[in-house]
Each structure stands twice: as C-alpha cells, then as structure tokens.
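Structure first, commentary second.
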Amino acid sequence: MSKLRVRFAPSPTGPLHIGGARSALFNYLLAKKNNGDFIVRIEDTDRDRSTPESEENIKDSLRWLGITWNEGIDVGGSYAPYRQMERLETYRNLAQKLIDEGKAYYCYCSEEEIERERAAQQEKGETPHYSGKCRNLTEEERKALESQGRKPVVRFRVPAGEQIHIPDLVRGDVTFDSDGVGDFVIMKSDGIPTYNFAVVVDDYTMEISHVIRGEEHLSNTPRQVLLYEALGYPTPKFAHISLILGKDRSKMSKRHGSVSVVNYKEQGFLPEALVNFLALLGWSPEKEEEIFTLEQLVEEFSLDRVSKSPAVFDMEKLRWLNGQYLRKLPIEDIAAGILPHLSPEWQNDPARLNLLAETMANHLSCFADIKELTPLIEGEMPEANEQVQEVMAGEQVPVVLQVMADKIKEMAEFTPENIRAAIKALCKETGYKGAAVYMPIRAAVTGECHGPDIDKIMALMGKEKVLARLEAAYK
RNA sequence: GGCGCGUUGGAGAAGUGGCUUAACUCACCAGCCUUUCACGCUGGCAUCCAUGGGUUCGAAUCCCAUACGCGUCACCA
C-alpha cells in the first residue's frame with residue numbers, strides 16, 4: 001500500500017482563516033493517524049492578491065496551533081518546489097501536451113467579449129458558459145488574431161455528455177454532468193496556470209493520496225476530475241468537509257467577527273483550546289469526552305466521523321473550552337498571558353502580577369478578559385447600586401468597617417493572609433460573622449456585592465486605597 | 001436561474017431498520033458548595049428527528065415529492 005499523503009494548500013491572499021485552519025487540522029490529523037505525510041504548499045498564482053506577509057501569517061498561525069508539516073515550504077522535500085509560482089515550467093509543459101493532444105486549445109476572446117457573452121446568456125436564463133468560439137481555429141485564424149496583438153488563454157476542451165463521478169469520503173458519491181461545465185481556462189494569458197489546473201498537476205506530481213478541503217471546492221471538483229482523466233492521472237480520494245457558519249448560518253466571514261487565527265491569538269485564546277474547538281466543528285469523537293490534546297485527537301480522528309452538514313461557530317463554547325485549558329495552566333503562565341492586556345506598570349511587580357493572575361483565574365475565559373476585571377482594583381469607585389445600598393444600610397456596618405480599618409492600619413504587611421486573619425479576629429471581637437461582615441467590607445471597598453476573593457482584591461488594591469474607601473464609607 | 005450539498009433541541013452532535021421512553025458537550029434553569037460571584041458538583045431541559053406521502057410487522061434511520069438553508073457557476077483560489 002502506498003503512503004498516505006495529504007496537503008494543505010492555501011493561497012497567500014490574507015491571514016489564515018478559521019476555516020482554513022480547520023482544513024489544515026483535519027489533513028494533519030489524518031496524516032498523523034495513518035503515519036502519512038502532511039505537506040504545506042502555497043498556491044500563489046493570483047499575482048494581484050498574493051503577498052509574502054500572508055504567507056508568513058499562515059505559517060506562523062499553523063505553527064502557533066501546533067500544526068506542523070513534514071514536507072513543503074520552508075522544510076523542503078523531494079517534491080520541491082512547493083510554491084506554484086516556482087513550478088511554472090511544469091504547468092506550461094503539461095498545458096502544451098494537452099494542446100498537442102487536442103484536449104486543450106488557444107482562445108483569443110477578450111475578457112470584454114466573454115463578459116458580453118455571459119451577460120447575454122444570463123439574460124436568456126441560461127447558465128453562462130463559454131461558447132466554444134475558438135475551439136476550432138485554424139493556423140491562419142490564429143495568426144490573424146495574434147497579429148491584432150491578442151494574447152491567448154488556454155482552454156480545456158470539456159467532453160460533452162459525460163457523467164463525472166466524484167467518490168467523496170464524507171459525502172458519498174457525487175455526480176455531475178459535463179454539459180454543466182463550459183470550456184474553462186487552464187492557462188491565463190500571462191502564462192500562469194489557473195487554480196483548477198495547478199492543483200491537479202501538483203496533487204498528482206506530489207503524489208497526494210487524499211484531498212481534504214472545504215465544501216466550497218466541491219463544485220470545482222468535476223473540472224479537476226476531467227483534467228485528471230485528460231492527463232492520464234488516477235484521481236486521488238476526495239473529502240469535502242462542510243463549511244463553518246456564522247451565527248446567521250451563512251459562511252463565516254469578517255462580518256461575523258474574528259475570522260483569522262491571529263485574532264484569537266491576540267485575544268488570548270490558547271492554541272490547544274482553539275484546535276480542540278475546531279476539531280469538534282464537523283467531527284465528533286466516539287467517546288463522550290470532548291476535551292482532547294492534539295495527540296489525543298490524532299488518536300481519535302477518523303474521516304468517517306466527519307459530519308456532512310455545516311456547523312455554526314459557537315463563541316460561547318470556544319470560551320468555555322478555553323477557560324478549561326486556561327485554568328489548568330500554572331499561575332506564572334496565566335500571569336504571562338494576561339500581561340499584554342494590562343497597563344505596563346504590572347510588568348515591574350511580578351509578585352503582584354501573580355497575585356492578580358491567581359485572583360482572576362476563575363473569572364477568565366481568555367486572557368483579554370482581564371481588561372474587564374482590572375477596573376475592579378484599578379478603577380474609580382463605582383456608583384452604589386441598589387444591592388450595595390441595602391448592604392451598607394445594615395446597623396453593624398459602621399462598627400465592622402471601623403474595626404477593619406483599624407486593623408489594617410496596624411498591619412505590617414498588607415497580604416491576603418494577614419487580611420484574612422484580621423477579618424477572622426474582627427468576627428471574634430465584634431460578634432458579627434459571615435455575610436454580615438464580608439458583604440459590607442466588599443461593598444465598601446469595591447462598590448460591588450460580588451467578585452473574586454475580597455482578601456486578594458484588597459491586597460491588590462493596596463493599603464492606602466482600601467483605607468480611604470473604608471473610611472469614606474463609615475464617616 | 002442552472003448545478004451541487006445539507007436539514008436531529010438555542011449551538012456542536014450521537015444515531016446507519018427493532019437494544020432510543022433520541023447519548024454526550026456548550027448555553028439555559030434549579031439545587032448544593034461558598035461571605036458574594038465565579039469555579040466545581042448534582043439534577044432538569046426534543047413524546048420527537050424540516051414537511052407531506054410511501055416501503056415495512058417495525059423508520060430519525062430506506063424511497064419519492066415539497067419547503068427551507070447554504071455553496072458554486074471568473075484569465076480568484
């Protein structure tokens with residue numbers, strides 16, 4: 001049996017998209033699971049939109065997610081080069097071969113002419129197709145056209161009345177009629193291949209055994225299958241995975257918020273959590289457990305547990321999942337994670353930063369959440385809400401707050417431990433306990449009736465500020 | 001409009017003719033824990049599988065229509 005080889009072949013026209021990341025992941029999982037090769041190839045034939053920055057972003061994002069490739073750009077391999085613009089020779093030779101065999105032909109129609117044709121067909125309610133005008137040009141006709149300065153494209157001659165079967169590992173067999181596809185361009189007028197031609201050539205020459213990609217490519221597949229046949233290549237196995245949808249059930253796009261992997265990185269999501277979440281979108285584990293490391297995913301993954309129907313991206317679940325991973329992290333890592341979302345001063349006091357991390361850990365879904373939490377200790381006293389007013393109206397309140405303030409003044413070190421001990425002593429001395437003492441203190445210090453542990457909050461706030469608030473409250 | 005794919009709860013989904021009185025996870029609700037919130041724990045949450053027909057002793061599971069959703073129809077990938 002030949003080796004399983006899969007590939008992720010993005011075009012570098014923007015940052016790595018969440019859907020692309022999932023395609024990459026599924027390819028990666030299948031490869032690892034079967035001891036195969038995972039290749040990353042760059043489809044950069046769109047000269048107008050491809051940028052080196054995008055390629056860097058895609059590579060960085062994949063690496064950040066832990067999706068590594070054992071062959072392809074940067075790492076090399078025996079099927080190099082792995083950038084399509086570096087493989088033009090191959091495409092040109094093969095296109096020539098198709099022309100020589102009469103399976104493809106030069107077309108001199110201008111884009112305007114084609115556009116006019118399309119519009120006319122559309123008006124008549126027909127499916128827009130290339131008319132086949134240049135299908136049988138003679139040598140003289142070609143010369144004449146060329147002397148007008150026209151640069152030809154190469155079109156593939158689509159056979160008529162053929163049923164095209166696509167064996168798809170997730171969708172079953174899908175059939176298309178060749179009459180539904182017009183003669184399509186395989187080489188643009190500038191000598192660069194189109195996507196449909198380049199993928200086929202590359203997938204074959206790189207000996208790709210399984211093509212796993214998004215469902216949006218399904219309707220392209222008949223063209224590619226036709227090309228495989230014309231070139232005399234065996235077709236690989238296909239697996240078209242369903243789309244990721246936004247909340248409104250349309251294909252996930254910028255309108256739905258963060259779509260690129262870096263967005264999630266910047267917001268302080270953990271790569272392990274994102275990978276786990278992405279895997280659960282369209283694939284379901286056999287077991288009841290849903291939390292998996294990449295290694296476990298490799299172990300559990302199987303294409304026949306991939307769903308046919310599209311999945312809605314549920315931010316709430318991602319946040320929950322991320323929180324699960326985040327809470328397992330050592331305090332130092334959480335501290336490091338929240339630091340970029342904090343004002344710069346925090347950098348200078350690692351002990352205090354660690355205390356902050358420890359205090360807030362349970363309240364974070366992702367690191368950026370810290371921004372909503374710090375006002376509690378750094379911000380101004382919020383206006384007293386109804387609940388706070390109610391708490392502060394208790395008859396024990398002045399005594400409790402005053403004793404607390406006194407104890408704080410005597411405190412040598414303002415630490416959570418000392419604060420806790422002081423509250424305990426306060427209970428003993430005053431005879432008040434439980435909510436009767438904790439609530440007024442919390443309300444007086446934070447202006448809220450709930451939040452993280454009050455001893456830690458106070459320690460983070462600092463002696464001065466706490467004392468000032470306490471005194472302001474009982475005077 | 002043509003072609004293609006899909007449709008199980010608010011979301012992800014299991015389920016492939018009887019073991020399903022439809023797993024599990026998120027969300028939601030309730031209780032417990034806790035000074036409070038959060039974390040955590042326990043329990044609840046689809047008499048029903050888009051709709052209508054059919055096949056069958058028996059259907060979410062097979063067949064046919066209809067509806068709805070999405071994708072795609074480029075010298076973009």
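Note on naming: chains are A, B, ... as they come in the structure tokens, residues start from 1 per chain, ligands start from 1 in the order shown.
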
Notebook entry, point to check: Counting only C-alpha atoms (C1' of nucleotides), which residues of chain B come no farther than 8 Å from chain A, as a list in words?
Noted result: G1, G2, C3, G4, G6, A11, G12, A13, C24, U25, C26, A27, U35, U36, C37, A38, C39, G69, C70, G71, U72, C73, C75, C76 and A77 of chain B

Note to self: From a backbone DSSP assignment, name each residue in segment 128-246 of chain A labelled strand (DSSP E or B), as number ranges by chain.
What the structure shows: A: 153-156, 163-168, 172-177, 185-187, 193, 210-214, 237-241, 244-245

Would you save the residues from that selection as a PDB file, in the first residue's frame, using C-alpha atoms?
```
ATOM      1  CA  VAL A 153      -5.521  31.848 -22.864  1.00  0.00           C
ATOM      2  CA  VAL A 154      -5.556  28.071 -22.958  1.00  0.00           C
ATOM      3  CA  ARG A 155      -8.927  26.455 -22.513  1.00  0.00           C
ATOM      4  CA  PHE A 156      -9.683  22.876 -21.702  1.00  0.00           C
ATOM      5  CA  GLN A 163     -21.155  11.782 -16.271  1.00  0.00           C
ATOM      6  CA  ILE A 164     -18.485  12.745 -13.789  1.00  0.00           C
ATOM      7  CA  HIS A 165     -18.417  10.709 -10.619  1.00  0.00           C
ATOM      8  CA  ILE A 166     -16.699  12.012  -7.582  1.00  0.00           C
ATOM      9  CA  PRO A 167     -16.143   9.481  -4.863  1.00  0.00           C
ATOM     10  CA  ASP A 168     -16.183  11.582  -1.748  1.00  0.00           C
ATOM     11  CA  GLY A 172     -20.576   9.660  -0.676  1.00  0.00           C
ATOM     12  CA  ASP A 173     -20.622   9.615  -4.475  1.00  0.00           C
ATOM     13  CA  VAL A 174     -21.486  12.905  -6.086  1.00  0.00           C
ATOM     14  CA  THR A 175     -22.311  13.080  -9.773  1.00  0.00           C
ATOM     15  CA  PHE A 176     -22.045  15.988 -12.168  1.00  0.00           C
ATOM     16  CA  ASP A 177     -22.898  16.300 -15.827  1.00  0.00           C
ATOM     17  CA  VAL A 185      -9.312  28.349 -18.728  1.00  0.00           C
ATOM     18  CA  ILE A 186      -6.291  26.402 -17.592  1.00  0.00           C
ATOM     19  CA  MET A 187      -3.592  28.905 -18.532  1.00  0.00           C
ATOM     20  CA  PRO A 193      -1.970  28.480 -14.663  1.00  0.00           C
ATOM     21  CA  HIS A 210      -6.298  12.327  -0.187  1.00  0.00           C
ATOM     22  CA  VAL A 211      -7.602  15.776  -0.947  1.00  0.00           C
ATOM     23  CA  ILE A 212      -9.346  17.153   2.111  1.00  0.00           C
ATOM     24  CA  ARG A 213     -10.724  20.632   1.680  1.00  0.00           C
ATOM     25  CA  GLY A 214     -13.730  22.836   2.279  1.00  0.00           C
ATOM     26  CA  LYS A 237      -9.602  10.350  -2.851  1.00  0.00           C
ATOM     27  CA  PHE A 238     -11.644  13.406  -2.039  1.00  0.00           C
ATOM     28  CA  ALA A 239     -13.162  14.523   1.217  1.00  0.00           C
ATOM     29  CA  HIS A 240     -15.111  17.767   1.238  1.00  0.00           C
ATOM     30  CA  ILE A 241     -15.730  18.983   4.714  1.00  0.00           C
ATOM     31  CA  ILE A 244     -18.144  26.782   9.160  1.00  0.00           C
ATOM     32  CA  LEU A 245     -21.081  29.129   9.505  1.00  0.00           C
TER      33      LEU A 245
END
```

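Counting from atom CA of Ser131 of chain A, the distance to atom CA of Ser147 of chain A is 22.7 Å.
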
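In this structure, atom CA of Ala384 of chain A sits 6.0 Å away from atom CA of Gly447 of chain A.
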
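Proximity of A:Met458, A:Ile42, A:Leu169, A:Ala473 to Val391 of chain A, computed with only C-alpha atoms, is greatest for A:Ala473.
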
Note to self: Residues within 12 Å of C28 of chain B, please, as a list in words. Count only C-alpha atoms (C1' of nucleotides); anything in the same chain fewer than 2 positions from it doesn't count.
What the structure shows: G9, G10, A11, C26, A30, G44 and C45 of chain B

Keeping only N, CA, C and O atoms (P, O5', C5', C4', C3', O3' and C1' of nucleotides), write those residues as a CSV table (one decimal), in the first residue's frame.
```
chain,number,residue,atom,x,y,z
B,9,G,P,-33.4,20.3,15.7
B,9,G,O5',-33.6,20.7,17.2
B,9,G,C5',-34.7,21.4,17.8
B,9,G,C4',-34.6,21.6,19.3
B,9,G,C3',-33.7,22.8,19.7
B,9,G,O3',-34.6,23.8,20.2
B,9,G,C1',-33.1,20.8,20.9
B,10,G,P,-34.9,25.0,19.3
B,10,G,O5',-33.6,25.9,19.4
B,10,G,C5',-33.6,27.2,19.0
B,10,G,C4',-32.3,27.9,19.3
B,10,G,C3',-31.1,27.1,18.9
B,10,G,O3',-30.8,27.2,17.5
B,10,G,C1',-30.9,27.8,21.1
B,11,A,P,-30.0,26.1,16.7
B,11,A,O5',-28.5,26.1,17.3
B,11,A,C5',-27.6,27.1,16.9
B,11,A,C4',-26.3,26.8,17.5
B,11,A,C3',-25.7,25.4,17.1
B,11,A,O3',-25.2,25.3,15.8
B,11,A,C1',-25.4,25.8,19.4
B,26,C,P,-20.6,21.0,29.5
B,26,C,O5',-20.9,22.2,28.4
B,26,C,C5',-19.7,22.9,27.9
B,26,C,C4',-20.2,24.0,27.0
B,26,C,C3',-21.3,25.0,27.5
B,26,C,O3',-20.7,26.0,28.2
B,26,C,C1',-22.0,24.2,25.4
B,30,A,P,-33.0,29.8,38.2
B,30,A,O5',-33.1,28.4,39.0
B,30,A,C5',-34.4,27.9,39.4
B,30,A,C4',-34.2,26.6,40.0
B,30,A,C3',-33.2,26.5,41.2
B,30,A,O3',-33.8,26.9,42.4
B,30,A,C1',-32.9,24.7,39.7
B,44,G,P,-32.2,14.4,35.5
B,44,G,O5',-33.0,15.7,35.2
B,44,G,C5',-34.3,16.0,35.8
B,44,G,C4',-34.8,17.3,35.3
B,44,G,C3',-34.8,17.5,33.8
B,44,G,O3',-36.0,16.9,33.3
B,44,G,C1',-33.8,19.4,34.8
B,45,C,P,-35.9,16.3,31.8
B,45,C,O5',-35.7,17.6,30.9
B,45,C,C5',-36.7,18.6,30.8
B,45,C,C4',-36.2,19.8,30.0
B,45,C,C3',-35.7,19.4,28.6
B,45,C,O3',-36.8,19.3,27.7
B,45,C,C1',-34.1,20.8,29.6
```

Next item on the list: Check the smallest atom-to-atom distance from each of A:Leu4, A:Leu29, A:Val75, A:Ala24 to Gln296 of chain A using only C-alpha atoms, then report the winner.
Entry: A:Leu29

Note to self: Applying 12 Å and only C-alpha atoms (C1' of nucleotides), which residues near Glu299 of chain A remain after dropping the ones on its own chain fewer than 4 positions away? List them as a VMD selection string.
What the structure shows: chain A and resid 28 to 35 285 to 287 292 to 295

Next item on the list: Would you mind reading off the distance between atom CA of Gln267 of chain A and atom CA of Glu332 of chain A, one decimal, in Å?
Entry: 18.3 Å
